[in-house]
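Engineer: Can you keep this structure in mind? I'll have questions shortly.
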Number of protein chains: 2
Amino acid sequence: MKDILTQARLCREAAPTLTCLSAGEKNAALLELAAALEAHSEDILSANAEDVAAGRENGMSASLLDRLTLTPARIDAMAEGVRQVAALPDPIGELMEGRTLPNGLELRQVRVPLGVIGIIFEARPNVTVDAAALCLKSGNAALLRGGKEALHSNLALGQVMAEALKTHGFPAGCVQVVEDASRQSAQTMMGLTEDLDVLIPRGGRGLIRAVTAEAKVPVIRTGEGVCHLFVDESADLSMAADILVNGKCSRPSVCNALECVLVHEAVAAEFWRLALPKLEPYHVELRCCEHTLALAPQSVLATEADWDSEYGDFILAAKVVKDIHEAVAFINTHGTQHSEAIVTRELENARKFQLEVDAAAVYVNASTRFTDGFEFGLGAEIGISTQKMHARGPMGLRALTSTKFLITGEGQIR
Amino acid sequence: MKDILTQARLCREAAPTLTCLSAGEKNAALLELAAALEAHSEDILSANAEDVAAGRENGMSASLLDRLTLTPARIDAMAEGVRQVAALPDPIGELMEGRTLPNGLELRQVRVPLGVIGIIFEARPNVTVDAAALCLKSGNAALLRGGKEALHSNLALGQVMAEALKTHGFPAGCVQVVEDASRQSAQTMMGLTEDLDVLIPRGGRGLIRAVTAEAKVPVIRTGEGVCHLFVDESADLSMAADILVNGKCSRPSVCNALECVLVHEAVAAEFWRLALPKLEPYHVELRCCEHTLALAPQSVLATEADWDSEYGDFILAAKVVKDIHEAVAFINTHGTQHSEAIVTRELENARKFQLEVDAAAVYVNASTRFTDGFEFGLGAEIGISTQKMHARGPMGLRALTSTKFLITGEGQIR
C-alpha cells in the first residue's frame with residue numbers, strides 16, 4: 001500500500017506534464033478512460049460488491065447503501081459523464097485579456113491549471129470518476145480520497161483509469177486514488193501545502209466543516225445550504241407556493257433545497273391557505289414563529305436553532321416578517337450565502353433583494369433548485385462554492401484554473 | 001482604545017452599506033478624503049514626527065526611517081493617489097457573463113465586493129491611505145493594522161479619513177485603523193473568520209510567511225520574489241546584460257528584482273565578459289557555481305541556500321546550465337512563482353519557457369521589473385499575488401471583488 005505522501009508526490013511530479021497537454025491529447029485520454037470503464041465493468045462491480053456487503057454487515061443506512069452501490073447502468077452513466085467532459089471546451093490557454101502596453105510590451109493573461117487538486121469525499125464511487133475527469137480536462141493532477149466504505153470500489157476505478165491513461169503515456173500521478181483510507185491519511189492530506197494547490201471537500205456538512213476548519217492547504221468550501229424563500233406582499237401567491245414546494249420537496253437532501261420561508265405579514269394568511277394543501281402530500285413538518293403557528297395549527301413552534309438548521313429533510317422553518325427589510329436582514333444573518341429567492345411583482349423589491357442579499361445565487365420569481373453547474377450552462381460541476389474567494393456558486397472547469405501573465409518584448413527595461 | 005474585535009465588528013456592520021453604494025457616491029467620498037488629507041497635513045505631520053522621533057531613539061535603520069517619514073510632498077502624493085483611485089472605473093456591478101437559459105431564466109454573473117478586507121502591514125503610513133482608498137473604491141470595509149512604529153501617524157490618518165467619510169454619511173466601520181498595535185492584536189486578527197473575508201499581508205518576507213502560516217482567515221499571499229533570468233544560447237547578449245542590470249540594480253529590495261541568473265553554457269563566457277563591467281558600478285556580489293566562478297573570478301562560490309535566497313540587496317546568484325530544460329526545471333524548483341524571464345531569439349524556446357515556467361508573470365526579452373499593477377495597466381495595485389487561487393500576479397481593484405449570480409424568472413421550477 002502506498003502512503004498518502006508518496007501518492008501526493010506522484011501527483012506533484014505529474015503536474016508539469018499535464019499543464020502542457022493539448023486539448024486533443026486530454027480528450028483522447030478521457031475517451032479511452034470512458035471505454036475502459038465499460039470494458040472493465042465486471043471487475044468494478046465485483047470490487048463494489050465487497051464494499052456493499054461490508055456496508056450491509058456494518059448496518060449502513062439504506063440511503064448510504066444506495067449511494068455506494070454500482071450497477072452496470074451506473075457504470076455506463078459514469079462513462080457517459082466522462083465523454084461529456086471530453087466534449088467540453090478546454091479552459092486552459094483561454095485568453096482572459098491582453099493589451100499592448102505603451103512601451104510596446106505585449107501582455108496576455110491566459111488560463112493555466114491550478115496544479116494538484118485534492119478532493120476529499122464520502123462513499124460515492126461515482127465522485128472518483130467525475131472528479132478525475134474534471135481535473136484531467138482542466139490540466140490538473142488529482143489526489144482523490146474517498147470514504148473507506150467505498151475503498152475497494154475506488155481502488156478498482158483508480159486501477160482502470162490508471163491503465164487507460166498509461167496507454168496514452170500519461171504519468172501515473174495524474175490520478176491517484178488514495179490507498180490508505182484511514183482518518184490519519186485525511187489529516188495528513190489537509191496539511192500537504194507543498195504538494196496540493198487546493199483541497200475541495202465534497203459531501204455532507206460535517207465533512208466540509210471539518211476540512212475547512214483543519215486544512216492548511218487552501219480550501220474551496222462547498223455545499224452548505226440554508227436557503228430561504230421570501231414571499232413579498234406583492235407576490236403571485238400561487239407561484240410562491242409552487243416554488244416553495246419545489247424548493248423543499250423535490251429533493252430535500254440537496255444543498256439548494258429551501259430550509260426556511262419568510263412571508264410578508266400582509267399576505268401570510270392567504271399564502272398559507274394556498275401553500276399548506278400543496279405541502280401536505282409530502283408530510284412536511286413546519287417549525288415556525290407564533291404568527292405562522294396561528295395560521296398553520298399542525299405545525300410546531302421553532303426554537304432559535306431552527307433558524308440556522310440545514311434539515312436536509314421534509315422539515316421547513318417558517319416565519320412572518322413585517323417587510324422586505326426584515327427579510328433581507330434575516331437572510332443575511334441566518335443564510336449560508338448559497339441560494340436565496342424572492343417572489344414579488346414589485347421591480348423595486350426585486351432589485352433591492354438581488355442587490356442586498358449576500359449569496360452566491362439570488363433569485364427573483366424562480367426556484368433555488370436551479371443553482372447547479374449544468375443548469376447554469378457551465379457544462380459540468382465540481383461543487384457549489386459558498387465562499388467569496390476564487391470561485392462563488394456552481395463551479396465548472398474554470399474554477400479549477402488559475403491564470404498567468406505572459407509578456408513578450410524586445411529588450412524593454414524599466 | 002477600541003480593541004480589535006470591536007473594530008472588526010464595526011467593519012462587518014459597515015459592509016452591507018458599502019456594497020450598495022454607487023460609483024458616484026464612492027468617488028465623491030474619495031475626493032473629499034483626498035482634500036481632507038491636504039487640509040489636515042499639519043496634524044498628520046506632527047503625529048508622524050512623534051513616530052519618527054521614537055524610531056530614531058530606538059535605533060531604527062535609515063531605510064526604515066525613510067519609509068516611516070512623511071513630508072508635505074508625501075502627503076500631497078497620498079492625496080493624489082486617492083484621486084487616481086477615484087478616477088478608476090468601478091469594478092462593482094461589472095457584468096462578467098450572462099445568458100438566457102433554455103427555460104427562459106435570465107442569468108447574470110456580476111462583480112460584488114468581498115466584504116471586509118484586513119490588511120497587515122509594516123511601518124509605511126502611506127499604505128494606510130492607499131489600502132483604504134482601494135478597499136473603499138471596491139466597496140469593501142477595511143481593517144488596517146500597521147506596524148506599531150507608525151501608530152501615531154496611522155491613527156492621525158485614520159482620524160482624518162473617518163471625518164471625511166462621515167460628512168458623506170459613510171459609517172465609521174468603512175475604514176478602521178487598528179488602535180491596538182500589540183502583537184496579540186495581530187494574532188487575534190488572523191483568527192477573525194467571522195468578521196474578515198480576506199487578509200492581505202503587505203511587507204517583508206517574514207511578515208508574509210507568518211501571516212500565511214498562522215491565519216485562519218483566507219490569505220492572499222503577496223510579494224515574495226526569487227526571480228530568475230535565463231540567458232539562452234541564442235540570446236542577444238547585450239540585451240540580456242541590460243535586462244540583468246535593470247532587474248538586479250534598479251531597486252534591489254523590491255519583489256520583482258532578479259536574484260539569480262542562469263546562463264546557457266555555450267554563451268556563458270561571452271555573456272559574463274559583457275555583463276561584468278555593467279554590474280561593476282553597482283558593486284554586485286556574485287555567488288555562483290564553479291563554472292561561473294571560473295569566468296568571474298571576483299565572485300564567491302554559492303551554497304545550496306543561495307539558490308533559494310531573496311537577497312533584496314546587491315547580491316546575485318549565478319549558474320551555468322546546459323540547456324533550457326535544465327533552466328526551466330531549476331526555476332520551477334527554486335522560484336517563488338513570481339516573475340521569470342528568458343532572453344532568446346528562438347521562437348520555440350520562447351514558447352516553451354512561457355508554457356512550462358510556473359509563475360505569475362513570464363517574460364520573453366523584457367525585464368521582470370514590469371510586474372506591477374500600474375505597468376500592466378490595472379490602474380492600481382494592492383499587491384502582487386504569488387498564489388494561484390483567486391488572483392495571481394499584480395492585483396488591481398478586481399482582485400478585491402467576488403461575484404454573484406443574479407437569476408430572474410417568471411415562476412420557473414425544476
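Lettering and numbering for the C-alpha cells are positional, with chains as A, B, ... in the shown order, residues counted from 1 in each chain, and ligands counted from 1 in the shown order.
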Name all residues at most 6 Å from range 22-32 of chain B (count only C-alpha atoms; drop same-chain ones fewer than 4 positions away) and give them as a ChimeraX atom specification.
Structural biologist: /B:83,86,90,164-165
Engineer: With a distance cut-off of 9 Å and only C-alpha atoms, select the neighbouring residues of range 176-192 of chain A, excluding the residue or stretch itself and same-chain residues fewer than 5 positions from it, and output the selection as an MDAnalysis selection string.
Structural biologist: chainID A and resid 1:5 7:8 10:11 118 120 128 132 141:149 151 154:155 157:159 162 197 199 211 214:218
Engineer: Among the residues of range 143-213 of chain B, find those DSSP assigns to helix (DSSP H, G or I) from the backbone and print them as a PyMOL selection string.
Structural biologist: chain B and resi 148-167+172-174+183-190+205-213
Engineer: Grab the residues selected above and save them as a CSV table (one decimal), in the first residue's frame with N, CA and C atoms.
Structural biologist:
chain,number,residue,atom,x,y,z
B,148,LYS,N,3.5,49.0,14.8
B,148,LYS,CA,3.4,49.9,15.9
B,148,LYS,C,4.3,51.1,15.8
B,149,GLU,N,5.4,51.0,15.0
B,149,GLU,CA,6.3,52.1,14.9
B,149,GLU,C,5.6,53.3,14.2
B,150,ALA,N,4.5,53.0,13.5
B,150,ALA,CA,3.8,54.1,12.7
B,150,ALA,C,2.5,54.4,13.3
B,151,LEU,N,2.2,54.0,14.6
B,151,LEU,CA,0.9,54.0,15.1
B,151,LEU,C,0.3,55.5,15.2
B,152,HIS,N,1.1,56.4,15.6
B,152,HIS,CA,0.6,57.8,15.7
B,152,HIS,C,0.2,58.3,14.3
B,153,SER,N,1.1,58.1,13.4
B,153,SER,CA,0.8,58.5,12.0
B,153,SER,C,-0.5,57.9,11.5
B,154,ASN,N,-0.6,56.6,11.7
B,154,ASN,CA,-1.7,55.8,11.2
B,154,ASN,C,-3.0,56.3,11.8
B,155,LEU,N,-3.0,56.5,13.1
B,155,LEU,CA,-4.2,57.0,13.8
B,155,LEU,C,-4.6,58.4,13.3
B,156,ALA,N,-3.6,59.2,13.1
B,156,ALA,CA,-3.9,60.6,12.6
B,156,ALA,C,-4.6,60.5,11.2
B,157,LEU,N,-4.0,59.6,10.4
B,157,LEU,CA,-4.6,59.4,9.1
B,157,LEU,C,-6.0,58.8,9.1
B,158,GLY,N,-6.2,57.9,10.0
B,158,GLY,CA,-7.5,57.2,10.2
B,158,GLY,C,-8.5,58.3,10.7
B,159,GLN,N,-8.1,59.1,11.6
B,159,GLN,CA,-9.0,60.2,12.1
B,159,GLN,C,-9.4,61.1,10.9
B,160,VAL,N,-8.5,61.5,10.1
B,160,VAL,CA,-8.8,62.4,9.0
B,160,VAL,C,-9.7,61.7,8.0
B,161,MET,N,-9.4,60.5,7.7
B,161,MET,CA,-10.3,59.7,6.8
B,161,MET,C,-11.7,59.5,7.3
B,162,ALA,N,-11.8,59.2,8.6
B,162,ALA,CA,-13.1,58.9,9.2
B,162,ALA,C,-14.0,60.2,9.2
B,163,GLU,N,-13.4,61.4,9.4
B,163,GLU,CA,-14.1,62.6,9.4
B,163,GLU,C,-14.6,62.9,8.0
B,164,ALA,N,-13.7,62.7,7.0
B,164,ALA,CA,-14.1,63.0,5.6
B,164,ALA,C,-15.3,62.1,5.2
B,165,LEU,N,-15.2,60.8,5.6
B,165,LEU,CA,-16.2,59.8,5.2
B,165,LEU,C,-17.5,60.1,5.9
B,166,LYS,N,-17.4,60.6,7.2
B,166,LYS,CA,-18.6,60.9,8.0
B,166,LYS,C,-19.4,62.0,7.3
B,167,THR,N,-18.8,63.0,6.7
B,167,THR,CA,-19.5,64.1,6.1
B,167,THR,C,-20.3,63.6,4.9
B,172,ALA,N,-18.7,54.6,10.3
B,172,ALA,CA,-17.3,54.6,10.7
B,172,ALA,C,-16.5,53.3,10.4
B,173,GLY,N,-17.3,52.2,10.3
B,173,GLY,CA,-16.7,50.9,10.1
B,173,GLY,C,-16.1,50.8,8.7
B,174,CYS,N,-16.3,51.7,7.8
B,174,CYS,CA,-15.8,51.6,6.4
B,174,CYS,C,-14.3,51.5,6.5
B,183,ARG,N,1.3,42.8,19.5
B,183,ARG,CA,1.5,41.5,18.7
B,183,ARG,C,0.2,40.7,18.9
B,184,GLN,N,-0.4,40.8,20.1
B,184,GLN,CA,-1.6,40.0,20.3
B,184,GLN,C,-2.7,40.4,19.4
B,185,SER,N,-2.8,41.7,19.1
B,185,SER,CA,-3.9,42.1,18.2
B,185,SER,C,-3.8,41.5,16.8
B,186,ALA,N,-2.5,41.4,16.3
B,186,ALA,CA,-2.3,40.8,15.0
B,186,ALA,C,-2.7,39.4,15.0
B,187,GLN,N,-2.4,38.7,16.1
B,187,GLN,CA,-2.8,37.3,16.3
B,187,GLN,C,-4.3,37.1,16.2
B,188,THR,N,-4.9,38.0,17.0
B,188,THR,CA,-6.4,37.9,17.1
B,188,THR,C,-7.0,38.1,15.7
B,189,MET,N,-6.4,39.1,15.0
B,189,MET,CA,-6.9,39.5,13.7
B,189,MET,C,-6.9,38.3,12.7
B,190,MET,N,-5.8,37.5,12.8
B,190,MET,CA,-5.7,36.4,11.9
B,190,MET,C,-6.7,35.3,12.1
B,205,ARG,N,9.2,39.6,3.7
B,205,ARG,CA,9.0,38.1,3.7
B,205,ARG,C,8.6,37.5,5.0
B,206,GLY,N,9.2,38.0,6.1
B,206,GLY,CA,8.9,37.4,7.4
B,206,GLY,C,7.4,37.7,7.8
B,207,LEU,N,7.0,38.9,7.5
B,207,LEU,CA,5.6,39.2,7.8
B,207,LEU,C,4.6,38.3,7.0
B,208,ILE,N,4.9,38.2,5.7
B,208,ILE,CA,4.0,37.4,4.8
B,208,ILE,C,4.0,35.9,5.2
B,209,ARG,N,5.2,35.4,5.5
B,209,ARG,CA,5.2,34.0,5.9
B,209,ARG,C,4.5,33.7,7.2
B,210,ALA,N,4.7,34.6,8.1
B,210,ALA,CA,4.0,34.4,9.4
B,210,ALA,C,2.5,34.5,9.2
B,211,VAL,N,2.0,35.4,8.5
B,211,VAL,CA,0.5,35.6,8.3
B,211,VAL,C,0.0,34.4,7.5
B,212,THR,N,0.7,34.0,6.4
B,212,THR,CA,0.3,32.8,5.7
B,212,THR,C,0.2,31.5,6.5
B,213,ALA,N,1.2,31.4,7.4
B,213,ALA,CA,1.2,30.1,8.2
B,213,ALA,C,0.2,30.1,9.3
Engineer: For Phe353 in chain A, please output as a count of residues only all residues within 10 Å (counting only C-alpha atoms; exclusion window: fewer than 6 positions along the same chain).
Structural biologist: 13
Engineer: Identify all residues of range 233-312 of chain B in strand (DSSP E) (DSSP on the backbone) and supply them as an NGL selection string.
Structural biologist: :B and (258-264 or 285-288 or 300-301)
Engineer: Between B:Lys248, B:Arg398, B:His283, B:His390, which has the minimum distance to chain A (counting only C-alpha atoms)?
Structural biologist: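 Closest to chain A, using only C-alpha atoms: B:His390.
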Engineer: With chain B as the partner and 6 Å as the cut-off, tabulate the residues of chain A that qualify, each row holding the nearest pair of atoms and their distance in Å to one decimal, using only C-alpha atoms, sorted by chain and rising number, as a tab-separated table.
Structural biologist:
residue	atom	partner	partner_atom	distance
A:Met239	CA	B:Gly411	CA	5.7
A:Ala360	CA	B:Lys404	CA	5.0
A:Ala361	CA	B:Phe405	CA	4.6
A:Val362	CA	B:Leu406	CA	5.1
A:Tyr363	CA	B:Ile407	CA	4.8
A:Val364	CA	B:Thr408	CA	4.7
A:Asn365	CA	B:Gly411	CA	4.9
A:Ala366	CA	B:Gln412	CA	4.8
A:Ser367	CA	B:Ile413	CA	5.1
A:Lys388	CA	B:Ser402	CA	5.5
A:Met389	CA	B:His390	CA	5.7
A:His390	CA	B:His390	CA	3.6
A:Ser402	CA	B:Lys388	CA	5.4
A:Lys404	CA	B:Ala360	CA	5.0
A:Phe405	CA	B:Ala361	CA	4.5
A:Leu406	CA	B:Val362	CA	5.1
A:Ile407	CA	B:Tyr363	CA	4.8
A:Thr408	CA	B:Val364	CA	4.7
A:Gly409	CA	B:Asn365	CA	5.1
A:Glu410	CA	B:Asn365	CA	5.3
A:Gly411	CA	B:Ala366	CA	4.9
A:Gln412	CA	B:Ala366	CA	4.8
A:Ile413	CA	B:Ser367	CA	5.1
Engineer: Taking 5 positions as the minimum chain separation for residues in the same chain, which residues sit within 9 Å of Arg67 in chain B when counting only C-alpha atoms? Answer as a ChimeraX atom specification.
Structural biologist: /B:62,123-126
Engineer: Might you pull out every residue within 9 Å of Asp130 in chain A, with only C-alpha atoms counted and same-chain residues fewer than 5 positions away left off, and present them as a list in words?
Structural biologist: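 So the residues in contact are Met78, Gly81, Val82, Val85, Cys135 and Ile382 of chain A.
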